[in-house]
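Peer 1: Data file target.pdb (PDB, C-alpha atoms and all ligand atoms) is appended below.
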ATOM      1  CA  MET A1489     -27.268  -6.880 -10.460
ATOM      2  CA  SER A1490     -24.061  -5.197 -11.553
ATOM      3  CA  ALA A1491     -21.600  -3.713  -9.105
ATOM      4  CA  THR A1492     -20.592  -0.062  -9.005
ATOM      5  CA  LEU A1493     -16.940   0.343 -10.023
ATOM      6  CA  ILE A1494     -14.913   2.304  -7.467
ATOM      7  CA  ASP A1495     -12.676   4.548  -9.575
ATOM      8  CA  GLY A1496      -9.282   4.673  -7.868
ATOM      9  CA  LYS A1497      -7.811   6.940 -10.525
ATOM     10  CA  GLN A1498     -10.414   9.589  -9.761
ATOM     11  CA  VAL A1499     -10.040   9.285  -5.968
ATOM     12  CA  ALA A1500      -6.234   9.316  -6.219
ATOM     13  CA  ALA A1501      -6.310  12.447  -8.408
ATOM     14  CA  ALA A1502      -8.530  14.201  -5.844
ATOM     15  CA  LEU A1503      -6.211  13.124  -3.006
ATOM     16  CA  ARG A1504      -3.116  14.297  -4.924
ATOM     17  CA  ALA A1505      -4.785  17.675  -5.545
ATOM     18  CA  GLU A1506      -5.537  17.974  -1.798
ATOM     19  CA  ILE A1507      -1.914  17.144  -1.007
ATOM     20  CA  ALA A1508      -0.655  19.778  -3.460
ATOM     21  CA  VAL A1509      -2.782  22.379  -1.627
ATOM     22  CA  ARG A1510      -1.341  21.257   1.744
ATOM     23  CA  VAL A1511       2.192  21.434   0.348
ATOM     24  CA  ALA A1512       1.681  24.894  -1.171
ATOM     25  CA  ALA A1513       0.728  26.219   2.271
ATOM     26  CA  LEU A1514       3.970  25.005   3.884
ATOM     27  CA  PRO A1515       6.921  27.379   4.383
ATOM     28  CA  TYR A1516       9.301  24.646   3.111
ATOM     29  CA  THR A1517       9.425  21.998   0.379
ATOM     30  CA  PRO A1518       8.932  18.444   1.712
ATOM     31  CA  GLY A1519      11.565  16.026   0.426
ATOM     32  CA  LEU A1520      11.077  12.383  -0.531
ATOM     33  CA  ALA A1521      14.060  10.102  -1.208
ATOM     34  CA  VAL A1522      13.475   6.865  -3.110
ATOM     35  CA  VAL A1523      16.332   4.368  -3.123
ATOM     36  CA  LEU A1524      16.460   1.797  -5.912
ATOM     37  CA  VAL A1525      19.043  -0.979  -5.765
ATOM     38  CA  GLY A1526      19.666  -2.909  -8.988
ATOM     39  CA  ASP A1527      17.826  -2.770 -12.274
ATOM     40  CA  ASP A1528      14.590  -4.719 -11.849
ATOM     41  CA  PRO A1529      12.487  -3.182 -14.667
ATOM     42  CA  ALA A1530       9.172  -3.281 -12.729
ATOM     43  CA  SER A1531      10.783  -1.494  -9.760
ATOM     44  CA  ALA A1532      12.301   1.103 -12.110
ATOM     45  CA  VAL A1533       8.830   1.854 -13.505
ATOM     46  CA  TYR A1534       7.353   2.252  -9.980
ATOM     47  CA  VAL A1535      10.205   4.495  -8.900
ATOM     48  CA  ARG A1536       9.804   6.772 -11.934
ATOM     49  CA  SER A1537       6.062   7.186 -11.290
ATOM     50  CA  LYS A1538       6.692   7.919  -7.593
ATOM     51  CA  ASP A1539       9.173  10.629  -8.550
ATOM     52  CA  ARG A1540       6.842  12.198 -11.128
ATOM     53  CA  ALA A1541       3.882  12.208  -8.714
ATOM     54  CA  ALA A1542       6.020  13.798  -5.980
ATOM     55  CA  VAL A1543       7.163  16.634  -8.228
ATOM     56  CA  ALA A1544       3.581  17.243  -9.448
ATOM     57  CA  ALA A1545       2.458  17.623  -5.814
ATOM     58  CA  GLY A1546       5.222  20.144  -5.061
ATOM     59  CA  ILE A1547       7.394  17.624  -3.199
ATOM     60  CA  ALA A1548      11.124  17.485  -3.963
ATOM     61  CA  GLY A1549      11.746  13.959  -5.206
ATOM     62  CA  ARG A1550      15.262  12.536  -5.034
ATOM     63  CA  THR A1551      15.939   9.149  -6.616
ATOM     64  CA  ILE A1552      19.104   7.335  -5.579
ATOM     65  CA  ARG A1553      20.070   4.508  -7.909
ATOM     66  CA  LEU A1554      22.595   1.978  -6.621
ATOM     67  CA  PRO A1555      24.087  -0.957  -8.538
ATOM     68  CA  ALA A1556      22.784  -4.519  -8.050
ATOM     69  CA  ASP A1557      26.022  -5.565  -6.286
ATOM     70  CA  THR A1558      25.709  -2.865  -3.586
ATOM     71  CA  THR A1559      26.688  -4.232  -0.171
ATOM     72  CA  GLU A1560      24.403  -4.070   2.835
ATOM     73  CA  ALA A1561      26.946  -1.774   4.549
ATOM     74  CA  ALA A1562      26.875   0.647   1.612
ATOM     75  CA  LEU A1563      23.068   0.734   1.575
ATOM     76  CA  LEU A1564      22.969   1.263   5.355
ATOM     77  CA  ALA A1565      25.409   4.167   4.922
ATOM     78  CA  THR A1566      23.115   5.696   2.269
ATOM     79  CA  VAL A1567      20.141   5.356   4.630
ATOM     80  CA  ALA A1568      22.139   6.925   7.487
ATOM     81  CA  GLY A1569      22.954   9.892   5.226
ATOM     82  CA  LEU A1570      19.261  10.366   4.385
ATOM     83  CA  ASN A1571      18.271  10.032   8.068
ATOM     84  CA  ALA A1572      20.659  12.917   8.846
ATOM     85  CA  ASP A1573      19.649  15.074   5.851
ATOM     86  CA  PRO A1574      17.388  17.927   7.048
ATOM     87  CA  ASP A1575      15.863  18.367   3.550
ATOM     88  CA  ILE A1576      14.592  14.778   3.465
ATOM     89  CA  ASP A1577      11.265  14.048   5.196
ATOM     90  CA  GLY A1578      10.495  10.640   3.714
ATOM     91  CA  ILE A1579      12.700   7.659   2.839
ATOM     92  CA  LEU A1580      11.523   4.721   0.742
ATOM     93  CA  VAL A1581      13.824   1.844  -0.126
ATOM     94  CA  GLN A1582      12.223  -0.013  -3.009
ATOM     95  CA  LEU A1583      11.678  -3.736  -2.317
ATOM     96  CA  PRO A1584      12.650  -6.420  -3.107
ATOM     97  CA  LEU A1585      16.366  -5.979  -2.434
ATOM     98  CA  PRO A1586      19.155  -8.144  -3.906
ATOM     99  CA  PRO A1587      19.891 -11.327  -1.923
ATOM    100  CA  GLN A1588      23.144 -10.079  -0.319
ATOM    101  CA  ILE A1589      21.154  -7.410   1.572
ATOM    102  CA  ARG A1590      18.973  -8.271   4.570
ATOM    103  CA  GLN A1591      15.700  -6.440   3.975
ATOM    104  CA  GLN A1592      14.777  -6.224   7.651
ATOM    105  CA  ALA A1593      18.159  -4.686   8.594
ATOM    106  CA  VAL A1594      17.534  -1.904   6.078
ATOM    107  CA  ILE A1595      13.939  -1.319   7.179
ATOM    108  CA  GLU A1596      15.077  -1.051  10.811
ATOM    109  CA  ALA A1597      17.837   1.435   9.871
ATOM    110  CA  ILE A1598      15.361   4.003   8.529
ATOM    111  CA  ASP A1599      14.465   6.767  10.993
ATOM    112  CA  PRO A1600      10.867   5.873  12.039
ATOM    113  CA  ALA A1601       9.963   9.574  11.648
ATOM    114  CA  LYS A1602      10.938   9.357   7.942
ATOM    115  CA  ASP A1603       9.576   5.846   7.334
ATOM    116  CA  VAL A1604       6.919   6.729   4.733
ATOM    117  CA  ASP A1605       6.407   3.020   3.936
ATOM    118  CA  GLY A1606       5.366   2.403   7.554
ATOM    119  CA  PHE A1607       7.430  -0.803   7.641
ATOM    120  CA  HIS A1608       9.684   0.036  10.642
ATOM    121  CA  PRO A1609       8.781  -2.060  13.732
ATOM    122  CA  MET A1610       8.136   1.186  15.635
ATOM    123  CA  ASN A1611       5.422   2.183  13.147
ATOM    124  CA  VAL A1612       4.108  -1.398  12.906
ATOM    125  CA  GLY A1613       3.746  -1.413  16.706
ATOM    126  CA  ARG A1614       2.021   1.958  16.758
ATOM    127  CA  LEU A1615      -0.482   0.791  14.123
ATOM    128  CA  HIS A1616      -1.274  -2.411  16.006
ATOM    129  CA  ASP A1617      -1.649  -0.394  19.240
ATOM    130  CA  GLY A1618      -3.993   2.042  17.471
ATOM    131  CA  ARG A1619      -1.624   4.973  18.076
ATOM    132  CA  PRO A1620      -0.651   7.631  15.490
ATOM    133  CA  GLY A1621       2.270   6.779  13.208
ATOM    134  CA  LEU A1622       3.141   6.261   9.559
ATOM    135  CA  VAL A1623       0.931   3.585   7.935
ATOM    136  CA  PRO A1624       1.786   1.406   4.885
ATOM    137  CA  CYS A1625       0.609   3.150   1.703
ATOM    138  CA  THR A1626      -1.496   0.431   0.050
ATOM    139  CA  PRO A1627      -3.741  -0.392   3.042
ATOM    140  CA  LEU A1628      -4.002   3.341   3.798
ATOM    141  CA  GLY A1629      -5.126   3.817   0.188
ATOM    142  CA  VAL A1630      -7.801   1.151   0.662
ATOM    143  CA  MET A1631      -9.125   2.997   3.745
ATOM    144  CA  ARG A1632      -9.254   6.243   1.718
ATOM    145  CA  LEU A1633     -11.135   4.456  -1.108
ATOM    146  CA  LEU A1634     -13.656   2.968   1.349
ATOM    147  CA  ALA A1635     -14.239   6.400   2.880
ATOM    148  CA  PHE A1636     -14.722   7.955  -0.549
ATOM    149  CA  ALA A1637     -17.184   5.236  -1.608
ATOM    150  CA  GLY A1638     -19.119   5.651   1.673
ATOM    151  CA  VAL A1639     -18.679   2.006   2.642
ATOM    152  CA  PRO A1640     -19.748   1.448   6.268
ATOM    153  CA  ILE A1641     -16.909  -0.143   8.252
ATOM    154  CA  ARG A1642     -18.011  -0.124  11.889
ATOM    155  CA  GLY A1643     -19.210  -3.626  12.767
ATOM    156  CA  ALA A1644     -18.891  -4.822   9.150
ATOM    157  CA  ARG A1645     -18.073  -8.531   8.743
ATOM    158  CA  THR A1646     -14.751  -8.177   6.905
ATOM    159  CA  LEU A1647     -12.435 -10.730   5.379
ATOM    160  CA  VAL A1648      -8.832  -9.818   4.590
ATOM    161  CA  LEU A1649      -7.465 -12.415   2.203
ATOM    162  CA  GLY A1650      -3.667 -12.448   2.602
ATOM    163  CA  ARG A1651      -1.355 -11.868   5.580
ATOM    164  CA  SER A1652       1.674 -10.076   4.124
ATOM    165  CA  ALA A1653       3.531  -7.432   6.126
ATOM    166  CA  ILE A1654       2.981  -4.911   3.294
ATOM    167  CA  VAL A1655      -0.791  -5.318   2.875
ATOM    168  CA  GLY A1656      -2.705  -8.056   4.740
ATOM    169  CA  LYS A1657      -1.488  -7.499   8.304
ATOM    170  CA  PRO A1658      -1.605  -3.668   8.295
ATOM    171  CA  MET A1659      -4.952  -3.816   6.453
ATOM    172  CA  ALA A1660      -6.418  -6.017   9.194
ATOM    173  CA  ALA A1661      -5.061  -3.633  11.858
ATOM    174  CA  LEU A1662      -6.500  -0.520  10.175
ATOM    175  CA  LEU A1663      -9.910  -2.157   9.745
ATOM    176  CA  THR A1664      -9.873  -3.402  13.361
ATOM    177  CA  ASN A1665      -8.982   0.119  14.549
ATOM    178  CA  ALA A1666     -11.956   1.365  12.494
ATOM    179  CA  ASP A1667     -14.254  -1.072  14.394
ATOM    180  CA  ALA A1668     -14.734  -3.667  11.647
ATOM    181  CA  THR A1669     -15.083  -7.328  12.643
ATOM    182  CA  VAL A1670     -12.016  -8.732  10.913
ATOM    183  CA  THR A1671     -11.064 -12.253   9.831
ATOM    184  CA  VAL A1672      -7.676 -12.845   8.188
ATOM    185  CA  ALA A1673      -7.616 -15.743   5.730
ATOM    186  CA  HIS A1674      -4.609 -17.136   3.847
ATOM    187  CA  SER A1675      -3.261 -20.076   1.878
ATOM    188  CA  ARG A1676      -3.723 -22.464   4.837
ATOM    189  CA  THR A1677      -7.318 -21.433   5.550
ATOM    190  CA  ARG A1678      -9.828 -24.295   5.238
ATOM    191  CA  ASP A1679     -12.603 -23.556   2.735
ATOM    192  CA  LEU A1680     -11.578 -20.096   1.610
ATOM    193  CA  ALA A1681     -14.677 -19.814  -0.568
ATOM    194  CA  ALA A1682     -16.969 -20.251   2.453
ATOM    195  CA  GLU A1683     -14.997 -17.660   4.458
ATOM    196  CA  CYS A1684     -15.271 -15.187   1.579
ATOM    197  CA  ARG A1685     -19.014 -15.774   1.213
ATOM    198  CA  ARG A1686     -19.602 -14.661   4.825
ATOM    199  CA  ALA A1687     -17.952 -11.277   4.230
ATOM    200  CA  GLU A1688     -19.807  -7.999   3.765
ATOM    201  CA  LEU A1689     -16.456  -6.430   2.927
ATOM    202  CA  LEU A1690     -13.796  -8.497   1.166
ATOM    203  CA  VAL A1691     -10.227  -7.249   0.701
ATOM    204  CA  ALA A1692      -8.209  -9.556  -1.562
ATOM    205  CA  ALA A1693      -4.416  -9.283  -1.303
ATOM    206  CA  VAL A1694      -2.972 -12.709  -2.079
ATOM    207  CA  GLY A1695      -1.199 -12.114  -5.398
ATOM    208  CA  ARG A1696      -2.956 -14.975  -7.205
ATOM    209  CA  ALA A1697      -4.552 -14.061 -10.532
ATOM    210  CA  GLU A1698      -8.376 -14.171 -10.411
ATOM    211  CA  MET A1699      -8.477 -16.558  -7.450
ATOM    212  CA  VAL A1700     -11.668 -15.083  -6.004
ATOM    213  CA  ARG A1701     -14.547 -16.327  -8.166
ATOM    214  CA  GLY A1702     -18.000 -14.797  -8.539
ATOM    215  CA  ASP A1703     -19.667 -17.440  -6.345
ATOM    216  CA  TRP A1704     -17.222 -16.627  -3.491
ATOM    217  CA  VAL A1705     -18.810 -13.184  -3.156
ATOM    218  CA  ALA A1706     -21.930 -12.564  -1.063
ATOM    219  CA  ASN A1707     -24.760 -10.621  -2.637
ATOM    220  CA  ASP A1708     -24.214  -6.898  -2.071
ATOM    221  CA  ALA A1709     -20.702  -7.310  -0.660
ATOM    222  CA  VAL A1710     -18.039  -4.667  -1.298
ATOM    223  CA  VAL A1711     -14.932  -6.139  -2.946
ATOM    224  CA  ILE A1712     -11.538  -4.414  -2.808
ATOM    225  CA  ASP A1713      -9.029  -6.064  -5.143
ATOM    226  CA  VAL A1714      -5.445  -5.239  -4.158
ATOM    227  CA  GLY A1715      -3.854  -7.784  -6.499
ATOM    228  CA  ILE A1716      -1.866  -6.779  -9.571
ATOM    229  CA  ASN A1717      -0.897  -9.916 -11.505
ATOM    230  CA  ARG A1718       0.575 -10.029 -14.964
ATOM    231  CA  ARG A1719      -0.782 -12.773 -17.214
ATOM    232  CA  ALA A1720       1.350 -14.573 -19.812
ATOM    233  CA  ASP A1721      -0.187 -12.365 -22.535
ATOM    234  CA  GLY A1722       0.987  -9.228 -20.682
ATOM    235  CA  THR A1723      -2.428  -8.081 -19.424
ATOM    236  CA  LEU A1724      -2.899  -7.108 -15.772
ATOM    237  CA  VAL A1725      -5.531  -8.835 -13.647
ATOM    238  CA  GLY A1726      -6.413  -8.663  -9.977
ATOM    239  CA  ASP A1727      -6.880 -11.363  -7.343
ATOM    240  CA  CYS A1728     -10.609 -11.396  -8.189
ATOM    241  CA  ALA A1729     -12.339 -12.537 -11.367
ATOM    242  CA  THR A1730     -13.821  -9.070 -11.779
ATOM    243  CA  ALA A1731     -16.502  -9.783 -14.387
ATOM    244  CA  GLU A1732     -17.899 -12.701 -12.327
ATOM    245  CA  CYS A1733     -17.705 -10.840  -9.012
ATOM    246  CA  THR A1734     -19.536  -7.870 -10.506
ATOM    247  CA  THR A1735     -22.739  -9.891 -10.793
ATOM    248  CA  HIS A1736     -22.807 -10.426  -6.985
ATOM    249  CA  ALA A1737     -21.060  -7.442  -5.419
ATOM    250  CA  ALA A1738     -22.575  -4.029  -4.677
ATOM    251  CA  ALA A1739     -19.238  -2.355  -5.463
ATOM    252  CA  ILE A1740     -15.804  -3.478  -6.634
ATOM    253  CA  THR A1741     -12.450  -1.893  -7.480
ATOM    254  CA  PRO A1742     -11.149  -2.551 -11.012
ATOM    255  CA  VAL A1743      -7.609  -3.723 -11.863
ATOM    256  CA  PRO A1744      -5.892  -1.645 -13.099
ATOM    257  CA  GLY A1745      -7.305   1.695 -11.910
ATOM    258  CA  GLY A1746      -8.546   0.697  -8.448
ATOM    259  CA  VAL A1747      -6.224   0.400  -5.469
ATOM    260  CA  GLY A1748      -3.008   0.853  -7.505
ATOM    261  CA  PRO A1749      -3.215   4.627  -8.050
ATOM    262  CA  MET A1750      -4.041   5.110  -4.345
ATOM    263  CA  THR A1751      -0.697   3.688  -3.196
ATOM    264  CA  ILE A1752       1.378   6.504  -4.696
ATOM    265  CA  ALA A1753      -1.122   9.154  -3.563
ATOM    266  CA  CYS A1754      -0.800   7.819  -0.004
ATOM    267  CA  LEU A1755       2.992   7.822  -0.262
ATOM    268  CA  LEU A1756       2.756  11.558  -0.965
ATOM    269  CA  GLU A1757       0.291  11.947   1.917
ATOM    270  CA  ASN A1758       2.707  10.142   4.253
ATOM    271  CA  THR A1759       5.568  12.368   3.088
ATOM    272  CA  VAL A1760       3.620  15.514   3.962
ATOM    273  CA  THR A1761       2.467  13.994   7.274
ATOM    274  CA  ALA A1762       6.084  13.115   8.119
ATOM    275  CA  ALA A1763       7.302  16.590   7.130
ATOM    276  CA  GLN A1764       4.705  18.331   9.289
ATOM    277  CA  ALA A1765       5.386  16.062  12.283
ATOM    278  CA  ARG A1766       9.154  16.499  11.990
ATOM    279  CA  ARG A1767       9.340  20.196  11.138
ATOM    280  CA  GLY A1768       6.428  21.332  13.327
TER     281      GLY A1768
HETATM  282  N1  LIG B   1       7.742  -2.996  -3.545
HETATM  283  C1  LIG B   1       6.460  -3.322  -3.804
HETATM  284  N2  LIG B   1       5.625  -2.603  -3.032
HETATM  285  C2  LIG B   1       6.382  -1.804  -2.264
HETATM  286  C3  LIG B   1       6.096  -0.821  -1.276
HETATM  287  O1  LIG B   1       4.949  -0.539  -0.924
HETATM  288  N3  LIG B   1       7.174  -0.205  -0.719
HETATM  289  C4  LIG B   1       8.448  -0.519  -1.078
HETATM  290  N4  LIG B   1       9.425   0.119  -0.449
HETATM  291  N5  LIG B   1       8.745  -1.419  -1.992
HETATM  292  C5  LIG B   1       7.722  -2.049  -2.581
END
Would it be possible to restate this file's structure as structure tokens?

Peer 2:
Amino acid sequence: MSATLIDGKQVAAALRAEIAVRVAALPYTPGLAVVLVGDDPASAVYVRSKDRAAVAAGIAGRTIRLPADTTEAALLATVAGLNADPDIDGILVQLPLPPQIRQQAVIEAIDPAKDVDGFHPMNVGRLHDGRPGLVPCTPLGVMRLLAFAGVPIRGARTLVLGRSAIVGKPMAALLTNADATVTVAHSRTRDLAAECRRAELLVAAVGRAEMVRGDWVANDAVVIDVGINRRADGTLVGDCATAECTTHAAAITPVPGGVGPMTIACLLENTVTAAQARRG
């Protein structure tokens, strides 16, 4: 058997088109501020694509570039200015930050109503309580992909591989809120392969190139590969050995072109959600 590929590029394009329609109907232009500290080339690439996608959806994108030696106080002052700016609905501070800046202090300084990353403890708490709030973009994108692909979630035996604050933990919360039966596995889990094999739905978010092998995947499972790992030869691979997994799975997301494009689409969705909640 060969798995169906879930085309994230196609789903993300449809979602971005929906967002553009929502934006066009608003009596104002939603604003998204992206703050980039330092000159990490990968972060610069992400920030440029976020800005382009925002503009294409009718959102006013504002990129604020700060030097690598920016102090924590200066960054907090920038965030305070954006919190107070009525034209800005969403604030994203690109991570990682340079070592002189405490990441958590910056996350907690962002107005929770403008926290389009969903990283503020207020939004984390709301998600874990199952109450409305802003949800981290990558796990939200996975939920949108699952809905598009018609994957049944209620009661599904689900394994989330990885427990990061950006993906694994919010992913487990979203799936639990959607009535999945969720196990979270990680680097200290005994017999990861056996845990994976029990899953009807497997979400891999560990950041280890091709760690999930074909024989870790149950027949007819759905595999969502969140990993984006760069090999020595420059090619991008996921956390799953895609070709092997395809022989077992019913459906799988490719890397690139699976979950990745959904993250930016969901950032735009969160910006519009934040704008509508804030501006009424
Ligand atoms: N760096 C890598 N992923 C992310 C993300 O989702 N949000 C932010 N702010 N920085 C990141």

Peer 1: Excluding same-chain residues fewer than 5 positions from Ala1562 in chain A, what lies within 12 Å of it counting only C-alpha atoms, as a ChimeraX atom specification?

Peer 2: /A:1525,1554-1557,1567-1569,1588-1589,1594

Peer 1: Write a file of the selected residues as a compact mmCIF listing (two decimals), in the coordinates of the input, keeping C-alpha atoms.

Peer 2:
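After the write, part-v1.txt holds the following:
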# COMPACT_ATOMS: atom_id res chain seq x y z
CA VAL A 1525 19.04 -0.98 -5.76
CA LEU A 1554 22.60 1.98 -6.62
CA PRO A 1555 24.09 -0.96 -8.54
CA ALA A 1556 22.78 -4.52 -8.05
CA ASP A 1557 26.02 -5.56 -6.29
CA VAL A 1567 20.14 5.36 4.63
CA ALA A 1568 22.14 6.92 7.49
CA GLY A 1569 22.95 9.89 5.23
CA GLN A 1588 23.14 -10.08 -0.32
CA ILE A 1589 21.15 -7.41 1.57
CA VAL A 1594 17.53 -1.90 6.08

Peer 1: Enumerate residues in contact with ligand LIG 1 (chain B): an atom-to-atom distance of at most 10 Å, counting all atoms listed in the file. Format the result as JSON, numbers by chain.

Peer 2: {"A": [1522, 1523, 1524, 1530, 1531, 1534, 1535, 1579, 1580, 1581, 1582, 1583, 1584, 1585, 1595, 1603, 1604, 1605, 1606, 1607, 1624, 1625, 1626, 1627, 1653, 1654, 1655, 1751, 1752, 1755]}

Peer 1: Care to translate the PyMOL selection byres (((chain A and resi 1495-1506) around 7) and not hetatm) into actual residues of this file, as a PyMOL selection string?

Peer 2: chain A and resi 1493-1494+1507-1510+1545+1633+1741+1745-1747+1749-1750+1753

Peer 1: Which residues match the PyMOL selection byres (((chain A and resi 1685) around 12) and not hetatm) in the file above, as a PyMOL selection string?

Peer 2: chain A and resi 1645-1647+1679-1684+1686-1690+1700-1711+1733+1736-1737

Peer 1: Pick the closest to Thr1730 in chain A from A:Leu1570, A:Cys1754, A:Ile1598, A:Ala1692: which is it, counting all atoms listed in the file?

Peer 2: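 Distance minimum relative to Thr1730 in chain A lands on A:Ala1692.
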
Peer 1: Could you name the residues that touch Val1612 in chain A at 9 Å or less, counting all atoms listed in the file, but leaving out those on the same chain fewer than 2 positions away, as a short mmCIF file (atom, residue, chain, number, x, y, z; two decimals) with C-alpha atoms, keeping the file's coordinate frame?

Peer 2:
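File written: part.cif
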data_model
loop_
_atom_site.label_atom_id
_atom_site.label_comp_id
_atom_site.auth_asym_id
_atom_site.auth_seq_id
_atom_site.Cartn_x
_atom_site.Cartn_y
_atom_site.Cartn_z
CA GLY A 1606 5.37 2.40 7.55
CA PHE A 1607 7.43 -0.80 7.64
CA HIS A 1608 9.68 0.04 10.64
CA PRO A 1609 8.78 -2.06 13.73
CA MET A 1610 8.14 1.19 15.64
CA ARG A 1614 2.02 1.96 16.76
CA LEU A 1615 -0.48 0.79 14.12
CA HIS A 1616 -1.27 -2.41 16.01
CA ASP A 1617 -1.65 -0.39 19.24
CA GLY A 1621 2.27 6.78 13.21
CA LEU A 1622 3.14 6.26 9.56
CA VAL A 1623 0.93 3.58 7.94
CA PRO A 1624 1.79 1.41 4.88
CA PRO A 1658 -1.60 -3.67 8.30
#

Peer 1: Give me, as a list of chain:residue names, all polymer residues having an atom no more than 9 Å from Val1760 in chain A, counting only C-alpha atoms and skipping those fewer than 5 positions away in the same chain.

Peer 2: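 Selected residues are A:Ile1507, A:Arg1510, A:Val1511, A:Pro1518, A:Gly1519, A:Ile1547, A:Asp1577, A:Gly1578, A:Leu1755, A:Ala1765.
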
Peer 1: For Thr1734 in chain A, which of A:Gly1748, A:Ala1561, A:Asp1713, A:Arg1696 is the closest residue, counting all atoms listed in the file?

Peer 2: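 Of A:Gly1748, A:Ala1561, A:Asp1713, A:Arg1696, the one nearest Thr1734 in chain A is A:Asp1713, counting all atoms listed in the file.
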
Peer 1: Find the residue from A:Glu1698, A:Ile1740, A:Gln1764, A:Ser1490 that sits nearest to Leu1724 in chain A; use only C-alpha atoms when measuring.

Peer 2: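 For Leu1724 in chain A, the nearest of the given residues is A:Glu1698.
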
Peer 1: Have a look at CA of Gln1591 in chain A and CA of Arg1553 in chain A and let me know their distance in Å, one decimal.

Peer 2: 16.7 Å
